[in-house]
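With TSV, C-alpha atoms and all ligand atoms inside, this is structure11.tsv:
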chain	number	residue	atom	x	y	z
A	1	MET	CA	8.99	4.83	-18.13
A	2	LYS	CA	12.37	4.99	-16.46
A	3	VAL	CA	12.46	6.94	-13.18
A	4	ASN	CA	16.12	6.35	-12.33
A	5	GLU	CA	18.85	3.74	-12.83
A	6	SER	CA	16.91	0.98	-11.12
A	7	THR	CA	13.27	2.01	-11.18
A	8	TYR	CA	10.61	2.00	-13.87
A	9	ALA	CA	7.10	3.34	-13.38
A	10	TYR	CA	3.83	2.40	-15.05
A	11	ILE	CA	1.40	5.09	-13.98
A	12	TRP	CA	-2.26	4.24	-14.32
A	13	ARG	CA	-4.07	7.10	-16.08
A	14	ASP	CA	-7.25	5.53	-17.42
A	15	PRO	CA	-10.12	7.23	-15.55
A	16	ARG	CA	-12.61	4.61	-16.77
A	17	ALA	CA	-11.13	1.83	-14.65
A	18	ASN	CA	-9.65	1.49	-11.20
A	19	ASN	CA	-6.16	0.08	-11.13
A	20	CYS	CA	-2.96	0.94	-9.30
A	21	ASN	CA	0.40	2.29	-10.41
A	22	THR	CA	3.00	-0.41	-10.88
A	23	TYR	CA	6.74	-0.08	-10.36
A	24	LEU	CA	9.54	-2.31	-11.53
A	25	PHE	CA	12.80	-2.41	-9.61
A	26	VAL	CA	15.82	-3.84	-11.40
A	27	SER	CA	19.18	-4.77	-9.90
A	28	GLY	CA	21.40	-7.38	-11.57
A	29	GLU	CA	19.19	-10.36	-12.31
A	30	THR	CA	16.58	-9.21	-9.81
A	31	ARG	CA	13.42	-7.88	-11.38
A	32	CYS	CA	10.87	-7.04	-8.75
A	33	VAL	CA	7.40	-5.78	-9.56
A	34	ILE	CA	5.80	-3.66	-6.87
A	35	ASP	CA	1.98	-3.79	-6.94
A	36	PRO	CA	1.16	-5.40	-10.30
A	37	GLY	CA	-2.48	-4.27	-10.28
A	38	HIS	CA	-5.56	-6.03	-11.53
A	39	LYS	CA	-5.18	-9.23	-13.49
A	40	ALA	CA	-7.34	-7.86	-16.31
A	41	PHE	CA	-4.76	-5.15	-17.04
A	42	LEU	CA	-1.68	-7.37	-16.97
A	43	PRO	CA	-1.43	-7.69	-20.78
A	44	GLN	CA	-0.97	-3.95	-21.15
A	45	LEU	CA	1.47	-3.82	-18.23
A	46	PHE	CA	3.46	-6.64	-19.80
A	47	ARG	CA	3.59	-4.78	-23.13
A	48	LEU	CA	4.92	-1.66	-21.44
A	49	MET	CA	7.50	-3.57	-19.41
A	50	ALA	CA	8.63	-5.52	-22.47
A	51	ALA	CA	9.07	-2.23	-24.34
A	52	ASP	CA	11.44	-1.17	-21.53
A	53	GLY	CA	13.38	-4.41	-22.02
A	54	PHE	CA	11.79	-6.55	-19.31
A	55	PRO	CA	9.69	-9.45	-20.58
A	56	PRO	CA	7.22	-10.75	-17.99
A	57	GLY	CA	8.73	-14.25	-17.91
A	58	ARG	CA	11.86	-12.79	-16.32
A	59	ILE	CA	10.16	-11.20	-13.29
A	60	THR	CA	11.80	-12.71	-10.21
A	61	SER	CA	9.64	-11.31	-7.42
A	62	VAL	CA	6.48	-9.40	-6.63
A	63	ILE	CA	6.09	-7.15	-3.62
A	64	LEU	CA	2.64	-6.13	-2.51
A	65	THR	CA	2.40	-2.96	-0.45
A	66	HIS	CA	-0.96	-4.30	0.69
A	67	GLY	CA	-3.55	-6.83	-0.28
A	68	HIS	CA	-6.37	-4.91	-1.90
A	69	PRO	CA	-7.42	-6.50	-5.19
A	70	ASP	CA	-6.45	-3.50	-7.35
A	71	HIS	CA	-2.83	-3.99	-6.19
A	72	MET	CA	-2.58	-7.70	-5.60
A	73	GLU	CA	-4.56	-9.63	-8.16
A	74	GLY	CA	-1.96	-9.59	-10.95
A	75	GLY	CA	0.69	-10.74	-8.49
A	76	LEU	CA	-0.88	-14.15	-8.24
A	77	GLU	CA	-0.54	-14.49	-12.02
A	78	LEU	CA	3.12	-13.48	-11.97
A	79	GLN	CA	3.65	-15.99	-9.21
A	80	LYS	CA	2.29	-18.72	-11.49
A	81	ASN	CA	5.03	-17.71	-13.95
A	82	GLY	CA	7.73	-18.23	-11.34
A	83	ALA	CA	7.96	-14.93	-9.43
A	84	ARG	CA	8.18	-15.11	-5.63
A	85	LEU	CA	5.40	-13.22	-3.88
A	86	GLY	CA	5.98	-11.11	-0.77
A	87	ILE	CA	3.57	-9.32	1.56
A	88	SER	CA	3.62	-8.57	5.28
A	89	ALA	CA	2.52	-11.33	7.67
A	90	ARG	CA	-0.06	-8.97	9.17
A	91	GLU	CA	-1.56	-8.31	5.75
A	92	GLU	CA	-1.60	-12.00	4.91
A	93	ALA	CA	-3.60	-12.70	8.08
A	94	TYR	CA	-5.93	-9.81	7.26
A	95	LEU	CA	-6.48	-11.14	3.76
A	96	ARG	CA	-7.38	-14.54	5.04
A	97	GLU	CA	-9.94	-12.82	7.26
A	98	VAL	CA	-11.49	-10.31	4.85
A	99	GLY	CA	-10.34	-11.53	1.41
A	100	PRO	CA	-13.60	-13.28	0.57
A	101	GLN	CA	-15.62	-10.18	1.53
A	102	PHE	CA	-13.38	-7.95	-0.62
A	103	ALA	CA	-13.59	-10.31	-3.56
A	104	ARG	CA	-17.37	-10.10	-3.40
A	105	MET	CA	-17.30	-6.29	-3.12
A	106	PHE	CA	-15.23	-6.05	-6.31
A	107	GLY	CA	-16.99	-8.95	-8.05
A	108	LEU	CA	-13.76	-10.98	-8.17
A	109	ALA	CA	-12.84	-14.56	-7.46
A	110	VAL	CA	-11.59	-15.25	-3.91
A	111	PRO	CA	-7.79	-15.08	-4.16
A	112	ASP	CA	-5.87	-18.28	-3.74
A	113	LEU	CA	-3.03	-16.86	-1.72
A	114	ALA	CA	0.29	-18.62	-1.15
A	115	VAL	CA	2.91	-16.21	0.16
A	116	ASP	CA	6.59	-16.96	-0.57
A	117	PHE	CA	8.16	-14.44	1.79
A	118	HIS	CA	7.07	-11.98	4.44
A	119	LEU	CA	7.97	-8.32	4.49
A	120	GLN	CA	8.78	-6.99	7.91
A	121	GLU	CA	10.03	-3.76	9.43
A	122	GLY	CA	13.74	-3.42	8.70
A	123	GLU	CA	16.19	-4.11	5.93
A	124	LEU	CA	15.34	-5.77	2.62
A	125	ARG	CA	17.80	-6.57	-0.17
A	126	LEU	CA	16.69	-6.53	-3.78
A	127	GLY	CA	19.64	-7.59	-5.90
A	128	ALA	CA	22.55	-5.45	-4.72
A	129	GLU	CA	20.30	-2.68	-3.42
A	130	HIS	CA	19.21	-1.91	0.11
A	131	PHE	CA	15.67	-1.09	1.06
A	132	ARG	CA	14.06	-0.24	4.31
A	133	VAL	CA	10.64	-1.78	4.87
A	134	LEU	CA	8.32	0.31	7.02
A	135	GLU	CA	5.22	-1.22	8.49
A	136	THR	CA	2.70	1.54	7.84
A	137	PRO	CA	-0.79	0.50	8.93
A	138	GLY	CA	-3.80	2.76	8.40
A	139	HIS	CA	-5.13	2.10	4.92
A	140	SER	CA	-5.04	-1.60	5.79
A	141	PRO	CA	-3.61	-3.31	8.89
A	142	GLY	CA	-0.55	-4.81	7.20
A	143	SER	CA	0.33	-2.12	4.65
A	144	VAL	CA	4.04	-1.48	4.12
A	145	CYS	CA	6.08	1.21	2.43
A	146	LEU	CA	9.47	0.56	0.82
A	147	PHE	CA	12.28	3.05	0.99
A	148	HIS	CA	15.18	2.63	-1.44
A	149	GLU	CA	18.14	3.98	0.47
A	150	ALA	CA	20.46	4.93	-2.42
A	151	GLU	CA	17.92	6.98	-4.39
A	152	ARG	CA	15.80	7.87	-1.35
A	153	THR	CA	12.70	6.76	-3.21
A	154	LEU	CA	9.59	6.02	-1.19
A	155	PHE	CA	7.18	3.45	-2.60
A	156	SER	CA	4.18	4.44	-0.54
A	157	GLY	CA	1.40	2.12	-1.72
A	158	ASP	CA	-1.94	3.59	-0.65
A	159	LEU	CA	-0.63	5.39	2.43
A	160	VAL	CA	-0.03	8.78	0.83
A	161	PHE	CA	-0.39	10.18	-2.67
A	162	ALA	CA	0.34	13.45	-4.43
A	163	GLN	CA	-2.42	15.60	-2.92
A	164	GLY	CA	-4.07	12.80	-1.01
A	165	VAL	CA	-4.08	10.04	1.54
A	166	GLY	CA	-5.30	6.48	1.49
A	167	ARG	CA	-8.89	5.85	2.45
A	168	THR	CA	-9.51	4.36	5.86
A	169	ASP	CA	-13.13	3.32	5.46
A	170	PHE	CA	-12.35	-0.18	4.20
A	171	PRO	CA	-12.43	-2.99	6.76
A	172	GLY	CA	-9.28	-2.78	8.88
A	173	GLY	CA	-8.67	0.90	8.07
A	174	ASP	CA	-7.55	3.16	10.93
A	175	SER	CA	-7.12	6.91	10.49
A	176	GLY	CA	-5.04	7.40	13.66
A	177	LEU	CA	-2.57	4.81	12.45
A	178	LEU	CA	-2.61	6.30	8.95
A	179	LYS	CA	-1.51	9.68	10.28
A	180	ARG	CA	1.26	8.16	12.36
A	181	SER	CA	2.46	6.10	9.39
A	182	ILE	CA	2.53	9.19	7.14
A	183	GLN	CA	4.57	11.08	9.72
A	184	ARG	CA	7.09	8.23	9.92
A	185	CYS	CA	7.54	8.33	6.16
A	186	ARG	CA	7.92	12.10	6.15
A	187	GLN	CA	10.85	11.79	8.54
A	188	LEU	CA	12.77	9.83	5.89
A	189	LYS	CA	12.85	13.00	3.73
A	190	PRO	CA	12.24	11.06	0.53
A	191	ALA	CA	13.57	12.50	-2.72
A	192	ALA	CA	10.75	10.86	-4.68
A	193	LEU	CA	7.25	9.69	-3.85
A	194	LEU	CA	6.08	6.77	-5.94
A	195	SER	CA	2.57	6.07	-4.76
A	196	GLY	CA	-0.06	3.49	-5.55
A	197	HIS	CA	-2.35	5.94	-7.36
A	198	GLY	CA	-1.95	9.35	-8.98
A	199	GLU	CA	1.15	11.08	-10.24
A	200	MET	CA	4.72	10.65	-8.99
A	201	LEU	CA	6.61	13.38	-7.18
A	202	ARG	CA	10.24	13.36	-8.14
A	203	ASP	CA	12.10	15.92	-6.10
A	204	GLU	CA	12.62	16.38	-2.40
A	205	THR	CA	11.02	19.82	-2.22
A	206	ALA	CA	7.85	18.64	-3.96
A	207	VAL	CA	7.64	15.63	-1.68
A	208	GLU	CA	8.12	17.68	1.48
A	209	ARG	CA	5.59	20.26	0.29
A	210	ASN	CA	3.15	17.44	-0.38
A	211	PHE	CA	3.56	16.05	3.14
A	212	GLU	CA	2.90	19.54	4.45
A	213	THR	CA	-0.25	19.95	2.31
A	214	VAL	CA	-1.54	16.51	3.17
A	215	GLU	CA	-1.13	17.07	6.91
A	216	ARG	CA	-2.83	20.46	6.67
A	217	ALA	CA	-5.66	19.40	4.40
A	218	TYR	CA	-6.51	15.96	5.73
A	219	PHE	CA	-5.23	15.33	9.22
A	220	ASP	CA	-7.91	17.23	11.12
A	221	ALA	CA	-10.68	15.52	9.21
A	222	LEU	CA	-9.26	12.04	9.61
B	301	ZN	ZN	-5.78	-0.14	-1.30
Please render this file's structure as structure tokens.
Amino acid sequence: MKVNESTYAYIWRDPRANNCNTYLFVSGETRCVIDPGHKAFLPQLFRLMAADGFPPGRITSVILTHGHPDHMEGGLELQKNGARLGISAREEAYLREVGPQFARMFGLAVPDLAVDFHLQEGELRLGAEHFRVLETPGHSPGSVCLFHEAERTLFSGDLVFAQGVGRTDFPGGDSGLLKRSIQRCRQLKPAALLSGHGEMLRDETAVERNFETVERAYFDAL
């Protein structure tokens, strides 16, 4: 579904299987998929994107907010079809360290990772549009969030959700860092929260209220 002029969302709502939300960002010829999800669910993602006018063969890049299999696995497939794959350098190193262990945990093949570009704190251009990349460790050491300046949309990966925060009990998780990362994102005053799981929040008041709730409900326990 279309969120705004440049952003399409594919929200995962099947409770029988774990997978992430996927977003497509379009600007000119640039078609960037953020967090493509599990490989097994790519055919249905491709059908939905094609219905919005974006056949999978035309995807130019993939951005991974972090390297957990439920976000990353499909990215390696898109890469085989010509998309360039980006992740933070810290997360790449982390994946090389714990990737095999994760793959075993989820019963998946060990990912064959070849990163085309690194995401780092600061500006990122997608087509004609400006993004800010925030390094937001906590859920994993090299997690990033993307902030689209024009629409003030925050792509938060598994840092923060509507009514929730990312888990920190996976290897490399750190609840102190998670809190700090959430507070950094709150300061941006996003007008929309597009997170890796759960529903989207699409107005500034709802997003701010959610940050408030999350801090109240989770921060002491983290
Ligand atoms: Zn994750």
Just to confirm, what's the straight-line distance from CA of His68 (chain A) to CA of Glu199 (chain A) in Å (one decimal)?
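Separation between CA of His68 (chain A) and CA of Glu199 (chain A): 19.5 Å.
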Within 12 Å of ligand ZN 301 (chain B), counting only C-alpha atoms and all ligand atoms: which residues, as a ChimeraX atom specification?
/A:18-21,35,37-38,64-73,91,102,137-144,156-161,165-173,195-197
A straight line from CA of Gly57 (chain A) to CA of Trp12 (chain A) spans 21.8 Å
Report as a PyMOL selection string all protein, DNA and RNA residues lying within 12 Å of Leu85 (chain A), evaluated on only C-alpha atoms, omitting residues in the same chain fewer than 3 positions from it.
chain A and resi 32-36+59-67+72-82+88+92+113-119
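Remark: for Val133 (chain A), the closest of the candidate residues A:Arg184, A:Arg104, A:Arg216, A:Arg84 is A:Arg184 (distances computed over only C-alpha atoms).
Separating CA of Glu29 (chain A) from CA of Leu45 (chain A) is a distance of 19.8 Å.
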Test item: residues at most 6 Å from Arg132 (chain A), all atoms listed in the file, excluding those fewer than 3 positions along its chain, as a VMD selection string:
chain A and resid 122 to 124 146 to 147
Would you pick out the contacts of Asn210 (chain A) at 10 Å or less, using only C-alpha atoms, so that residues sharing its chain but fewer than 2 positions from it are not included, and give the list as a list in words?
Val160, Phe161, Ala162, Gln163, Gly164, Arg186, Leu193, Leu201, Glu204, Thr205, Ala206, Val207, Glu208, Glu212, Thr213, Val214, Glu215 and Arg216 of chain A
Output of the above residues as a short mmCIF file (atom, residue, chain, number, x, y, z; two decimals), in the frame of the given file, restricted to C-alpha atoms:
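Contents of the output file selection-v6.cif:
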data_model
loop_
_atom_site.label_atom_id
_atom_site.label_comp_id
_atom_site.auth_asym_id
_atom_site.auth_seq_id
_atom_site.Cartn_x
_atom_site.Cartn_y
_atom_site.Cartn_z
CA VAL A 160 -0.03 8.78 0.83
CA PHE A 161 -0.39 10.18 -2.67
CA ALA A 162 0.34 13.45 -4.43
CA GLN A 163 -2.42 15.60 -2.92
CA GLY A 164 -4.07 12.80 -1.01
CA ARG A 186 7.92 12.10 6.15
CA LEU A 193 7.25 9.69 -3.85
CA LEU A 201 6.61 13.38 -7.18
CA GLU A 204 12.62 16.38 -2.40
CA THR A 205 11.02 19.82 -2.22
CA ALA A 206 7.85 18.64 -3.96
CA VAL A 207 7.64 15.63 -1.68
CA GLU A 208 8.12 17.68 1.48
CA GLU A 212 2.90 19.54 4.45
CA THR A 213 -0.25 19.95 2.31
CA VAL A 214 -1.54 16.51 3.17
CA GLU A 215 -1.13 17.07 6.91
CA ARG A 216 -2.83 20.46 6.67
#
Using 6 Å of padding on each side, determine the axis-aligned box around all atoms of region 181-198 of chain A present in the file and give its centre and edge lengths in Å to one decimal, as AutoDock Vina command-line options.
--center_x 5.6 --center_y 8.2 --center_z 0.5 --size_x 27.9 --size_y 21.5 --size_z 30.9
Point out the residue among A:Ala150, A:Ile11, A:Glu5, A:Ala40 with the least atom-to-atom distance to Leu108 (chain A), counting only C-alpha atoms.
A:Ala40
Measuring atom to atom with all atoms listed in the file, identify which of A:Val3, A:Asp174, A:Cys145, A:Arg47 is nearest to Arg202 (chain A).
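Ranking A:Val3, A:Asp174, A:Cys145, A:Arg47 by distance to Arg202 (chain A), first place goes to A:Val3.
Using all atoms listed in the file for every distance, the candidate list A:Ala89, A:Leu177, A:Leu24, A:Leu95 yields A:Leu24 as the residue closest to Pro55 (chain A).
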Would you please work out which residue, of A:Lys189, A:Lys179, A:Arg90, A:Arg31, is nearest to Glu151 (chain A) when using only C-alpha atoms?
A:Lys189
Compare A:Ala128, A:Ala109, A:Ile87, A:Leu134 by their minimum atom-to-atom distance to Val26 (chain A), counting all atoms listed in the file, and give me the closest one.
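Of the candidates, the smallest distance to Val26 (chain A) is held by A:Ala128.
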